[in-house]
$ cat my_file-v8.txt   # compact mmCIF, C-alpha atoms
# COMPACT_ATOMS: atom_id res chain seq x y z
CA MET A 17 58.51 90.55 39.96
CA GLU A 18 61.87 89.13 40.98
CA GLN A 19 64.95 90.44 39.19
CA THR A 20 68.56 89.31 39.08
CA LEU A 21 71.85 90.82 37.95
CA ILE A 22 74.07 89.04 35.45
CA ILE A 23 77.60 90.12 34.57
CA LEU A 24 79.54 88.62 31.70
CA LYS A 25 83.25 89.01 32.34
CA PRO A 26 85.88 89.92 29.71
CA ASP A 27 86.80 86.34 28.72
CA ALA A 28 83.15 85.59 27.88
CA VAL A 29 82.93 88.75 25.75
CA LYS A 30 86.18 87.93 23.93
CA ARG A 31 84.98 84.39 23.25
CA GLY A 32 81.74 85.67 21.72
CA LEU A 33 79.49 84.15 24.38
CA ILE A 34 77.15 87.10 24.95
CA GLY A 35 74.38 85.80 22.71
CA MET A 36 74.64 82.26 24.02
CA THR A 37 74.28 83.42 27.63
CA ILE A 38 71.30 85.67 26.90
CA GLU A 39 69.74 82.82 24.92
CA THR A 40 70.13 80.37 27.81
CA PHE A 41 68.32 82.64 30.24
CA GLU A 42 65.75 83.85 27.71
CA LYS A 43 64.76 80.30 26.80
CA THR A 44 63.40 79.76 30.31
CA GLY A 45 60.93 82.59 29.76
CA LEU A 46 62.88 85.12 31.82
CA LYS A 47 62.75 88.64 30.45
CA LEU A 48 65.84 90.65 29.56
CA MET A 49 65.23 94.04 31.22
CA ALA A 50 68.54 95.86 30.82
CA ALA A 51 71.94 95.38 29.21
CA LYS A 52 75.03 97.49 28.77
CA MET A 53 78.62 97.01 27.77
CA VAL A 54 81.03 98.86 30.06
CA THR A 55 84.66 99.03 31.19
CA PRO A 56 84.33 99.99 34.87
CA ASP A 57 87.32 101.36 36.73
CA GLU A 58 88.93 99.69 39.71
CA GLN A 59 86.81 101.37 42.36
CA VAL A 60 83.53 100.46 40.67
CA ILE A 61 84.55 96.80 40.47
CA LYS A 62 85.80 96.84 44.07
CA ASN A 63 82.49 98.14 45.37
CA HIS A 64 80.50 95.52 43.51
CA TYR A 65 81.69 93.15 46.23
CA PRO A 66 80.76 93.54 49.90
CA GLY A 67 84.47 94.08 50.68
CA THR A 68 84.03 93.65 54.45
CA LYS A 69 86.64 91.98 56.62
CA GLU A 70 84.36 88.96 57.06
CA TRP A 71 83.82 88.66 53.32
CA ILE A 72 87.55 88.90 52.55
CA THR A 73 88.33 86.32 55.23
CA GLU A 74 85.63 84.04 53.84
CA MET A 75 87.23 84.24 50.38
CA GLY A 76 90.58 83.38 51.96
CA ASN A 77 89.01 80.38 53.66
CA LYS A 78 87.67 79.17 50.31
CA THR A 79 91.20 79.38 48.89
CA LEU A 80 92.54 77.48 51.89
CA SER A 81 90.06 74.69 51.43
CA SER A 82 90.64 74.36 47.70
CA PHE A 83 94.39 74.09 48.30
CA LYS A 84 93.75 71.46 50.96
CA GLN A 85 91.51 69.55 48.57
CA ALA A 86 94.22 69.59 45.92
CA ASN A 87 96.86 68.58 48.50
CA LYS A 88 98.88 71.69 47.89
CA ASP A 89 100.87 73.79 50.34
CA VAL A 90 99.26 77.20 50.37
CA LYS A 91 102.08 78.78 52.39
CA LYS A 92 104.69 77.59 49.94
CA GLU A 93 102.77 78.85 46.91
CA LEU A 94 101.22 82.06 48.14
CA GLY A 95 103.54 82.94 51.03
CA THR A 96 100.86 82.92 53.72
CA ASP A 97 98.07 80.84 55.18
CA ASP A 98 96.30 83.74 56.83
CA PRO A 99 92.72 83.74 55.51
CA TYR A 100 92.42 87.54 55.48
CA LYS A 101 95.69 87.99 53.58
CA LEU A 102 94.75 85.24 51.14
CA GLY A 103 91.34 86.82 50.68
CA SER A 104 92.97 90.17 49.90
CA PHE A 105 95.11 88.52 47.19
CA VAL A 106 92.01 87.00 45.65
CA TYR A 107 90.24 90.37 45.77
CA GLU A 108 93.11 92.06 43.90
CA ARG A 109 93.22 89.33 41.30
CA LEU A 110 89.47 89.56 40.79
CA ILE A 111 89.71 93.26 40.03
CA LYS A 112 92.52 92.58 37.55
CA TYR A 113 90.41 89.87 35.90
CA TRP A 114 87.43 92.21 35.44
CA GLN A 115 89.70 94.73 33.72
CA GLU A 116 90.90 92.43 30.93
CA GLY A 117 88.33 93.91 28.54
CA PRO A 118 84.74 95.16 28.35
CA ILE A 119 82.06 93.41 30.41
CA VAL A 120 78.31 93.13 29.86
CA VAL A 121 75.96 93.90 32.74
CA MET A 122 72.35 92.73 32.46
CA VAL A 123 69.12 92.42 34.41
CA PHE A 124 66.72 89.52 33.94
CA GLU A 125 63.22 89.36 35.40
CA GLY A 126 60.76 86.59 36.13
CA PRO A 127 59.46 84.24 38.79
CA ASN A 128 62.44 82.96 40.81
CA ALA A 129 64.86 84.79 38.47
CA VAL A 130 67.71 84.57 41.01
CA GLY A 131 67.40 80.81 41.45
CA VAL A 132 66.81 80.05 37.77
CA CYS A 133 69.93 81.93 36.67
CA ARG A 134 72.09 80.46 39.44
CA LYS A 135 70.97 76.97 38.54
CA LEU A 136 71.70 77.39 34.84
CA ARG A 137 75.07 78.98 35.47
CA GLY A 138 76.16 76.24 37.89
CA HIS A 139 78.87 76.32 40.55
CA THR A 140 81.01 79.48 40.47
CA ILE A 141 84.15 77.45 39.86
CA PRO A 142 83.84 75.86 36.40
CA ALA A 143 85.68 72.67 37.39
CA LEU A 144 83.12 72.08 40.14
CA ALA A 145 80.05 72.95 38.06
CA ASP A 146 77.57 70.20 37.16
CA ALA A 147 77.35 68.99 33.58
CA GLY A 148 74.73 70.89 31.64
CA THR A 149 75.38 74.20 33.37
CA ILE A 150 76.92 77.05 31.41
CA LEU A 151 80.19 77.18 33.37
CA ALA A 152 80.71 73.43 33.09
CA GLY A 153 80.04 73.48 29.37
CA TYR A 154 82.26 76.41 28.56
CA SER A 155 85.28 76.25 30.86
CA PHE A 156 87.77 73.94 32.54
CA ASP A 157 89.10 76.55 34.95
CA SER A 158 89.76 75.65 38.60
CA SER A 159 91.19 77.24 41.75
CA THR A 160 94.43 75.32 41.48
CA LEU A 161 94.94 76.12 37.81
CA SER A 162 94.23 79.80 38.39
CA SER A 163 96.50 80.14 41.41
CA SER A 164 99.33 78.35 39.59
CA LEU A 165 99.02 81.08 36.97
CA ASP A 166 98.74 83.86 39.51
CA ARG A 167 95.26 84.94 38.54
CA ALA A 168 91.64 84.74 39.68
CA VAL A 169 89.41 81.83 38.71
CA LYS A 170 87.69 82.94 35.52
CA THR A 171 84.11 82.47 36.66
CA PHE A 172 82.88 84.25 33.60
CA ILE A 173 79.24 84.73 34.60
CA HIS A 174 78.25 86.51 37.76
CA THR A 175 74.65 86.00 38.86
CA SER A 176 73.23 87.45 42.09
CA GLY A 177 73.24 85.03 45.03
CA SER A 178 70.00 86.10 46.66
CA VAL A 179 67.05 88.43 46.14
CA GLU A 180 68.59 90.97 48.55
CA GLU A 181 71.95 90.79 46.78
CA ALA A 182 70.21 91.22 43.43
CA GLU A 183 68.41 94.34 44.64
CA ARG A 184 71.62 95.86 45.90
CA GLU A 185 73.58 94.96 42.77
CA ILE A 186 70.92 96.22 40.35
CA ARG A 187 70.76 99.52 42.22
CA TYR A 188 74.54 99.66 42.15
CA TRP A 189 75.00 99.02 38.41
CA PHE A 190 71.92 100.79 37.10
CA LYS A 191 71.43 103.57 39.68
CA ASP A 192 67.82 104.72 39.54
CA ALA A 193 67.19 103.53 36.00
CA LYS A 194 63.58 102.60 35.34
CA PHE A 195 63.28 99.50 33.22
CA ASP A 196 60.53 99.41 30.63
CA GLY A 197 58.36 96.37 31.11
CA TYR A 198 57.02 94.40 28.18
CA THR A 199 55.16 91.20 27.42
CA ARG A 200 56.84 87.95 26.49
CA GLU A 201 55.04 85.36 24.37
CA VAL A 202 55.09 82.91 27.28
CA ASP A 203 53.51 85.31 29.76
CA ALA A 204 49.93 84.44 28.87
CA LEU A 205 50.68 80.72 29.20
CA TYR A 206 52.38 80.83 32.57
CA LEU A 207 51.68 84.10 34.29
CA SER A 208 47.93 84.52 34.05
CA LYS A 209 45.18 82.82 35.99
CA MET B 15 91.70 95.92 4.47
CA LYS B 16 90.08 97.96 7.21
CA LYS B 17 87.32 96.86 9.54
CA GLN B 18 83.88 98.44 9.17
CA LYS B 19 81.01 99.12 11.53
CA ALA B 20 77.40 98.03 11.42
CA LEU B 21 74.40 98.57 13.65
CA ILE B 22 72.14 95.69 14.59
CA ILE B 23 68.79 96.24 16.27
CA ILE B 24 66.86 93.25 17.50
CA LYS B 25 63.33 94.55 17.06
CA PRO B 26 60.35 94.29 19.45
CA ASP B 27 58.82 91.21 17.80
CA ALA B 28 62.05 89.26 18.34
CA VAL B 29 62.53 90.62 21.87
CA GLN B 30 59.01 89.63 22.89
CA ARG B 31 59.58 86.15 21.48
CA GLY B 32 62.78 85.80 23.51
CA LEU B 33 65.08 85.66 20.49
CA SER B 34 67.59 88.38 21.43
CA GLY B 35 70.32 85.97 22.50
CA THR B 36 69.71 83.48 19.70
CA ILE B 37 70.05 86.22 17.10
CA LEU B 38 73.03 88.01 18.66
CA LYS B 39 74.80 84.64 18.82
CA ARG B 40 74.78 84.34 15.04
CA PHE B 41 76.80 87.54 14.64
CA GLU B 42 79.30 86.49 17.30
CA GLN B 43 79.55 83.02 15.79
CA VAL B 44 80.62 84.34 12.40
CA GLY B 45 83.48 86.20 14.07
CA LEU B 46 82.23 89.79 14.33
CA THR B 47 83.23 91.82 17.38
CA VAL B 48 80.43 93.31 19.49
CA THR B 49 81.83 96.75 20.29
CA GLY B 50 78.73 98.18 21.98
CA LEU B 51 75.58 96.74 23.48
CA LYS B 52 72.49 98.10 25.15
CA PHE B 53 68.91 97.16 25.80
CA GLN B 54 66.37 99.93 26.04
CA LYS B 55 63.17 101.34 24.66
CA ALA B 56 64.12 103.27 21.53
CA ASP B 57 63.83 106.97 22.06
CA GLU B 58 61.37 108.51 19.58
CA LYS B 59 63.79 111.18 18.36
CA THR B 60 66.43 108.55 17.64
CA VAL B 61 63.99 106.39 15.67
CA ILE B 62 62.89 109.44 13.66
CA ALA B 63 66.52 110.26 12.90
CA HIS B 64 67.30 106.61 12.13
CA TYR B 65 65.13 106.71 9.02
CA PRO B 66 65.64 109.52 6.52
CA SER B 67 63.05 112.32 6.44
CA THR B 68 63.60 113.52 2.90
CA ASP B 69 60.92 113.56 0.22
CA VAL B 70 63.26 111.41 -1.86
CA TRP B 71 63.19 108.68 0.79
CA PHE B 72 59.44 109.01 1.44
CA GLU B 73 58.84 108.73 -2.27
CA LYS B 74 61.10 105.68 -2.56
CA VAL B 75 59.29 103.93 0.29
CA GLY B 76 55.89 105.04 -1.00
CA LYS B 77 56.64 103.86 -4.52
CA ARG B 78 57.85 100.52 -3.22
CA THR B 79 54.60 100.14 -1.28
CA LEU B 80 52.54 101.21 -4.31
CA ASN B 81 54.40 98.75 -6.46
CA ASN B 82 53.99 95.91 -3.98
CA CYS B 83 50.28 96.64 -3.72
CA GLN B 84 49.88 96.70 -7.47
CA VAL B 85 51.64 93.36 -7.87
CA LYS B 86 49.41 91.84 -5.18
CA GLY B 87 46.26 93.51 -6.43
CA ILE B 88 45.73 95.38 -3.15
CA ASP B 89 43.60 98.54 -3.27
CA VAL B 90 46.07 101.21 -2.13
CA LYS B 91 43.43 103.89 -1.72
CA GLN B 92 41.52 101.72 0.67
CA THR B 93 44.56 101.00 2.85
CA PHE B 94 46.25 104.39 2.77
CA LYS B 95 43.38 106.71 1.79
CA THR B 96 45.71 108.09 -0.91
CA ASP B 97 47.83 106.98 -3.83
CA ASP B 98 50.44 109.71 -3.44
CA ALA B 99 53.85 108.07 -2.95
CA ILE B 100 55.25 110.71 -0.57
CA THR B 101 52.18 110.66 1.68
CA ILE B 102 52.28 106.86 1.78
CA GLY B 103 56.02 106.95 2.58
CA LYS B 104 55.33 109.27 5.54
CA GLN B 105 52.63 106.95 6.82
CA VAL B 106 54.93 103.95 6.60
CA LYS B 107 57.54 105.82 8.62
CA GLN B 108 54.92 106.51 11.31
CA TRP B 109 54.12 102.78 11.46
CA LEU B 110 57.82 102.01 11.79
CA ILE B 111 58.16 104.41 14.72
CA THR B 112 55.27 102.74 16.55
CA TYR B 113 56.63 99.24 15.84
CA PHE B 114 60.12 100.18 17.07
CA GLN B 115 58.74 101.35 20.41
CA GLU B 116 56.47 98.42 21.16
CA SER B 117 58.99 97.03 23.66
CA PRO B 118 62.66 97.65 24.46
CA VAL B 119 65.10 96.62 21.74
CA LEU B 120 68.58 95.10 21.86
CA ILE B 121 70.99 97.44 20.11
CA ALA B 122 74.44 96.19 19.12
CA ALA B 123 77.35 97.81 17.36
CA VAL B 124 79.40 95.20 15.52
CA GLU B 125 82.72 95.44 13.76
CA GLY B 126 84.58 93.29 11.27
CA TYR B 127 85.93 92.95 7.77
CA GLU B 128 83.23 93.50 5.15
CA VAL B 129 80.77 93.70 7.99
CA ILE B 130 77.89 95.13 5.91
CA GLU B 131 77.96 92.22 3.54
CA ILE B 132 78.02 89.82 6.48
CA VAL B 133 75.18 91.38 8.47
CA ARG B 134 73.02 91.60 5.35
CA LYS B 135 73.77 88.01 4.41
CA LEU B 136 72.95 86.73 7.90
CA SER B 137 69.76 88.83 8.15
CA GLY B 138 68.36 87.77 4.76
CA ASN B 139 65.72 89.42 2.60
CA THR B 140 63.90 92.27 4.39
CA ILE B 141 60.62 90.55 3.59
CA PRO B 142 60.69 87.47 5.83
CA VAL B 143 58.52 85.31 3.57
CA LEU B 144 61.13 85.75 0.85
CA ALA B 145 64.17 85.29 3.10
CA ALA B 146 66.15 82.11 2.59
CA PRO B 147 66.30 79.42 5.26
CA GLY B 148 69.46 79.78 7.31
CA THR B 149 69.06 83.55 7.43
CA ILE B 150 67.69 85.22 10.56
CA ARG B 151 64.54 86.48 8.89
CA GLY B 152 64.07 83.24 6.98
CA ASP B 153 64.43 81.14 10.11
CA PHE B 154 62.44 83.23 12.55
CA SER B 155 59.60 84.78 10.58
CA HIS B 156 57.38 84.42 7.57
CA ASP B 157 55.68 87.80 7.62
CA SER B 158 54.73 89.17 4.21
CA ILE B 159 53.77 92.43 2.48
CA ASP B 160 50.22 91.15 1.96
CA LEU B 161 49.71 90.42 5.61
CA ALA B 162 51.24 93.71 6.69
CA ASN B 163 49.19 95.79 4.29
CA GLU B 164 46.03 93.92 5.13
CA THR B 165 46.31 95.01 8.75
CA CYS B 166 47.90 98.42 8.07
CA ARG B 167 51.19 97.80 9.84
CA PRO B 168 54.86 97.60 8.86
CA LEU B 169 56.55 94.29 8.19
CA ARG B 170 57.66 92.69 11.42
CA ASN B 171 61.03 91.58 10.21
CA VAL B 172 62.86 90.68 13.42
CA ILE B 173 66.00 92.71 12.92
CA HIS B 174 67.52 95.86 11.53
CA ALA B 175 71.01 95.64 10.04
CA SER B 176 72.89 98.52 8.41
CA ASP B 177 72.61 98.71 4.65
CA SER B 178 75.85 100.35 3.56
CA VAL B 179 79.25 101.33 4.96
CA GLU B 180 78.07 104.96 5.30
CA ASP B 181 74.84 103.93 7.04
CA GLY B 182 76.83 101.66 9.37
CA GLU B 183 79.02 104.56 10.51
CA LYS B 184 76.08 106.93 10.77
CA GLU B 185 73.77 104.55 12.63
CA VAL B 186 76.39 103.44 15.16
CA ALA B 187 77.12 107.12 15.89
CA LEU B 188 73.38 107.84 16.20
CA TRP B 189 72.57 105.05 18.68
CA PHE B 190 75.80 105.01 20.71
CA LYS B 191 77.72 107.73 22.53
CA PRO B 192 81.51 107.47 22.06
CA GLY B 193 81.91 106.27 25.67
CA GLU B 194 79.56 103.35 25.02
CA LEU B 195 81.78 101.84 22.32
CA PHE B 196 84.82 99.67 23.05
CA SER B 197 87.69 98.23 21.17
CA TYR B 198 89.14 94.83 22.01
CA VAL B 199 90.54 91.76 20.31
CA ARG B 200 88.44 88.61 20.17
CA ALA B 201 90.04 85.44 21.51
CA ASP B 202 89.90 83.75 18.11
CA GLU B 203 90.75 86.73 15.95
CA LYS B 204 94.41 85.96 15.32
CA ILE B 205 93.53 82.40 14.39
CA MET B 206 90.92 83.54 11.89
CA PHE B 207 92.92 86.43 10.44
CA PRO B 208 96.65 85.84 11.04

$ encode --input "my_file-v8.txt" --output "structure tokens"
Amino acid sequence: MEQTLIILKPDAVKRGLIGMTIETFEKTGLKLMAAKMVTPDEQVIKNHYPGTKEWITEMGNKTLSSFKQANKDVKKELGTDDPYKLGSFVYERLIKYWQEGPIVVMVFEGPNAVGVCRKLRGHTIPALADAGTILAGYSFDSSTLSSSLDRAVKTFIHTSGSVEEAEREIRYWFKDAKFDGYTREVDALYLSK
Amino acid sequence: MKKQKALIIIKPDAVQRGLSGTILKRFEQVGLTVTGLKFQKADEKTVIAHYPSTDVWFEKVGKRTLNNCQVKGIDVKQTFKTDDAITIGKQVKQWLITYFQESPVLIAAVEGYEVIEIVRKLSGNTIPVLAAPGTIRGDFSHDSIDLANETCRPLRNVIHASDSVEDGEKEVALWFKPGELFSYVRADEKIMFP
């Protein structure tokens, strides 16, 4: 059965949004399989991300395009317009963001778990998320606001982007942990012939 | 005033009904701080240690069961094959162990001022059919002693919440290792308690 990794970042924990997030995913019929509160150190957070040159450059390009969209001069504000350098700034800020307090790492399971959780969370950047998604309903943060304050966009829920990413991330955060399966009340209605 | 600790366990009946988030939300909503969280199948040794194993406790539980049965006119000897309070108490504990391990459970350590009073108030009467609406047990269950005894099982009462300040300390220490507990300030804490 498909599984996905969810991470609630420190701002979500401090706002008391753990229960709400679990509830949103649980209501679809997805099964909570694992959860833990942790304060990972810098290296653990760093390795959660692919961290390759391409990936860093891609993040820099995203920053470039959001500055362009907002009609702002990236060079004036961040001192460079080199995508790799910009990406590295974002990377550093992300790590700082994750260290603002404890985080909650979870695994959910069910048919199309990756897609269901992504859809409910909405666009990574709250300001761009569709109404009705968790990020849209609980945050006004945007790339321009965050860079004006010298911090990462507070995208307070991470959900795996693909089945492959989910597999890698679950292995990464839960090592070889075996999750105990169980039956949900909806299983007999939707998962049996 | 100092903050106190309490342990919350969202039990297998609630987990299987997909109520973990809904229930945890109520404790966050009231302003308590979740200082530890994990989801796992309860380890048998921990469940055994969670409930006392003294004859005093077995007798208390057994007597309560005997009393409940008497009030309801249930034949104790038929259900338990004995009317000895201690033996009945031991049997009830065995039921509880089985119930606890039916599926993984969501275990949370919470902290706050007068936390025991708050978690007890939010959870409601241990017997769901008697729990007031607005409480977790009152809103999410209507299980009763009669029903439970009729089918020889413990009450399925959705949640465990620590009973006293001492139990809160003890239970949090039993279910969580020191490295699994965190201290932080909630975003709204200074507004609630300046």

$ closest_atom_pairs --input "my_file-v8.txt" --of "chain B" --to "chain A" --cutoff "12 Å" --atoms "only C-alpha atoms" --output "Markdown table"
| residue | atom | partner | partner_atom | distance |
| --- | --- | --- | --- | --- |
| B:Ile24 | CA | A:Gly35 | CA | 11.8 |
| B:Pro26 | CA | A:Tyr198 | CA | 9.3 |
| B:Asp27 | CA | A:Arg200 | CA | 9.5 |
| B:Ala28 | CA | A:Arg200 | CA | 9.8 |
| B:Val29 | CA | A:Arg200 | CA | 7.8 |
| B:Gln30 | CA | A:Arg200 | CA | 4.5 |
| B:Arg31 | CA | A:Glu201 | CA | 5.4 |
| B:Gly32 | CA | A:Glu42 | CA | 5.5 |
| B:Leu33 | CA | A:Glu39 | CA | 7.0 |
| B:Ser34 | CA | A:Glu39 | CA | 6.9 |
| B:Gly35 | CA | A:Glu39 | CA | 4.0 |
| B:Thr36 | CA | A:Glu39 | CA | 5.3 |
| B:Ile37 | CA | A:Gly35 | CA | 7.1 |
| B:Leu38 | CA | A:Gly35 | CA | 4.8 |
| B:Lys39 | CA | A:Gly35 | CA | 4.1 |
| B:Arg40 | CA | A:Gly35 | CA | 7.8 |
| B:Phe41 | CA | A:Gly35 | CA | 8.6 |
| B:Glu42 | CA | A:Gly32 | CA | 5.1 |
| B:Gln43 | CA | A:Gly32 | CA | 6.9 |
| B:Val44 | CA | A:Gly32 | CA | 9.5 |
| B:Gly45 | CA | A:Gly32 | CA | 7.9 |
| B:Leu46 | CA | A:Gly32 | CA | 8.5 |
| B:Thr47 | CA | A:Gly32 | CA | 7.7 |
| B:Val48 | CA | A:Gly32 | CA | 8.1 |
| B:Thr49 | CA | A:Met53 | CA | 8.1 |
| B:Gly50 | CA | A:Met53 | CA | 5.9 |
| B:Leu51 | CA | A:Met53 | CA | 5.3 |
| B:Lys52 | CA | A:Lys52 | CA | 4.5 |
| B:Phe53 | CA | A:Ala51 | CA | 4.9 |
| B:Gln54 | CA | A:Ala50 | CA | 6.6 |
| B:Lys55 | CA | A:Asp196 | CA | 6.8 |
| B:Ala56 | CA | A:Asp196 | CA | 10.5 |
| B:Asp57 | CA | A:Asp196 | CA | 11.9 |
| B:Gln115 | CA | A:Asp196 | CA | 10.6 |
| B:Glu116 | CA | A:Tyr198 | CA | 8.1 |
| B:Ser117 | CA | A:Tyr198 | CA | 5.6 |
| B:Pro118 | CA | A:Asp196 | CA | 6.8 |
| B:Val119 | CA | A:Ala50 | CA | 9.7 |
| B:Leu120 | CA | A:Ala51 | CA | 8.1 |
| B:Ile121 | CA | A:Ala51 | CA | 9.4 |
| B:Ala122 | CA | A:Met53 | CA | 9.6 |
| B:Ala123 | CA | A:Met53 | CA | 10.5 |
| B:Val124 | CA | A:Gly32 | CA | 11.6 |
| B:Phe190 | CA | A:Met53 | CA | 11.0 |
| B:Lys191 | CA | A:Met53 | CA | 12.0 |
| B:Pro192 | CA | A:Val54 | CA | 11.8 |
| B:Gly193 | CA | A:Val54 | CA | 8.7 |
| B:Glu194 | CA | A:Val54 | CA | 6.9 |
| B:Leu195 | CA | A:Met53 | CA | 7.9 |
| B:Phe196 | CA | A:Pro118 | CA | 7.0 |
| B:Ser197 | CA | A:Pro118 | CA | 8.3 |
| B:Tyr198 | CA | A:Gly117 | CA | 6.6 |
| B:Val199 | CA | A:Lys30 | CA | 6.8 |
| B:Arg200 | CA | A:Lys30 | CA | 4.4 |
| B:Ala201 | CA | A:Lys30 | CA | 5.2 |
| B:Asp202 | CA | A:Arg31 | CA | 7.1 |
| B:Glu203 | CA | A:Lys30 | CA | 9.3 |

$ closest_residue --input "my_file-v8.txt" --among "A:Lys101, A:Leu110, A:Arg167, A:Thr160" --to "A:Asp89" --atoms "only C-alpha atoms"
A:Thr160

$ residues_around --input "my_file-v8.txt" --residues "B:Ala145" --least-positions-apart "2" --cutoff "12 Å" --atoms "all atoms listed in the file" --output "VMD selection string"
chain B and resid 134 to 143 147 to 158 171 to 172

$ atom_distance --input "my_file-v8.txt" --atom1 "atom CA of A:Lys135" --atom2 "atom CA of A:Ser176"
11.3 Å

$ residues_around --input "my_file-v8.txt" --residues "A:Thr20" --least-positions-apart "3" --cutoff "7 Å" --atoms "all atoms listed in the file" --output "ChimeraX atom specification"
/A:123-125,129-130,175-176,182

$ atom_distance --input "my_file-v8.txt" --atom1 "atom CA of B:Ile130" --atom2 "atom CA of B:Ile22"
10.4 Å

$ residues_around --input "my_file-v8.txt" --residues "A:Tyr113" --least-positions-apart "5" --cutoff "10 Å" --atoms "only C-alpha atoms" --output "CSV table (one decimal) with C-alpha atoms, keeping the file's coordinate frame"
chain,number,residue,atom,x,y,z
A,25,LYS,CA,83.2,89.0,32.3
A,26,PRO,CA,85.9,89.9,29.7
A,27,ASP,CA,86.8,86.3,28.7
A,107,TYR,CA,90.2,90.4,45.8
A,108,GLU,CA,93.1,92.1,43.9
A,167,ARG,CA,95.3,84.9,38.5
A,168,ALA,CA,91.6,84.7,39.7
A,169,VAL,CA,89.4,81.8,38.7
A,170,LYS,CA,87.7,82.9,35.5
A,171,THR,CA,84.1,82.5,36.7
A,172,PHE,CA,82.9,84.2,33.6

$ closest_residue --input "my_file-v8.txt" --among "A:Ser159, A:Val60, A:Thr140, A:Arg187" --to "A:Val106" --atoms "only C-alpha atoms"
A:Ser159

$ atom_distance --input "my_file-v8.txt" --atom1 "atom CA of A:Tyr188" --atom2 "atom CA of A:Gly76"
24.9 Å

$ closest_residue --input "my_file-v8.txt" --among "B:Asp177, B:Asp69, B:Glu185, B:Asp97" --to "B:Glu128" --atoms "only C-alpha atoms"
B:Asp177

$ closest_residue --input "my_file-v8.txt" --among "A:Lys191, A:His139, A:Lys209, A:Arg109" --to "A:Ser162" --atoms "all atoms listed in the file"
A:Arg109

$ residues_around --input "my_file-v8.txt" --residues "A:Met75" --least-positions-apart "3" --cutoff "6 Å" --atoms "all atoms listed in the file" --output "JSON, numbers by chain"
{"A": [72, 78, 103]}

$ write_last_selection --input "my_file-v8.txt" --atoms "C-alpha atoms" --output "compact mmCIF listing (two decimals), in the frame of the given file"
# COMPACT_ATOMS: atom_id res chain seq x y z
CA ILE A 72 87.55 88.90 52.55
CA LYS A 78 87.67 79.17 50.31
CA GLY A 103 91.34 86.82 50.68

$ residues_around --input "my_file-v8.txt" --residues "A:Val90" --least-positions-apart "4" --cutoff "12 Å" --atoms "only C-alpha atoms" --output "list in words"
Gly76, Asn77, Lys78, Thr79, Leu80, Ser81, Ser82, Phe83, Lys84, Gln85, Ala86, Leu94, Gly95, Thr96, Asp97, Asp98, Pro99, Lys101, Leu102, Ser159, Thr160, Ser163 and Ser164 of chain A

$ write_last_selection --input "my_file-v8.txt" --atoms "C-alpha atoms" --output "CSV table (one decimal), in the coordinates of the input"
chain,number,residue,atom,x,y,z
A,76,GLY,CA,90.6,83.4,52.0
A,77,ASN,CA,89.0,80.4,53.7
A,78,LYS,CA,87.7,79.2,50.3
A,79,THR,CA,91.2,79.4,48.9
A,80,LEU,CA,92.5,77.5,51.9
A,81,SER,CA,90.1,74.7,51.4
A,82,SER,CA,90.6,74.4,47.7
A,83,PHE,CA,94.4,74.1,48.3
A,84,LYS,CA,93.8,71.5,51.0
A,85,GLN,CA,91.5,69.6,48.6
A,86,ALA,CA,94.2,69.6,45.9
A,94,LEU,CA,101.2,82.1,48.1
A,95,GLY,CA,103.5,82.9,51.0
A,96,THR,CA,100.9,82.9,53.7
A,97,ASP,CA,98.1,80.8,55.2
A,98,ASP,CA,96.3,83.7,56.8
A,99,PRO,CA,92.7,83.7,55.5
A,101,LYS,CA,95.7,88.0,53.6
A,102,LEU,CA,94.8,85.2,51.1
A,159,SER,CA,91.2,77.2,41.8
A,160,THR,CA,94.4,75.3,41.5
A,163,SER,CA,96.5,80.1,41.4
A,164,SER,CA,99.3,78.4,39.6
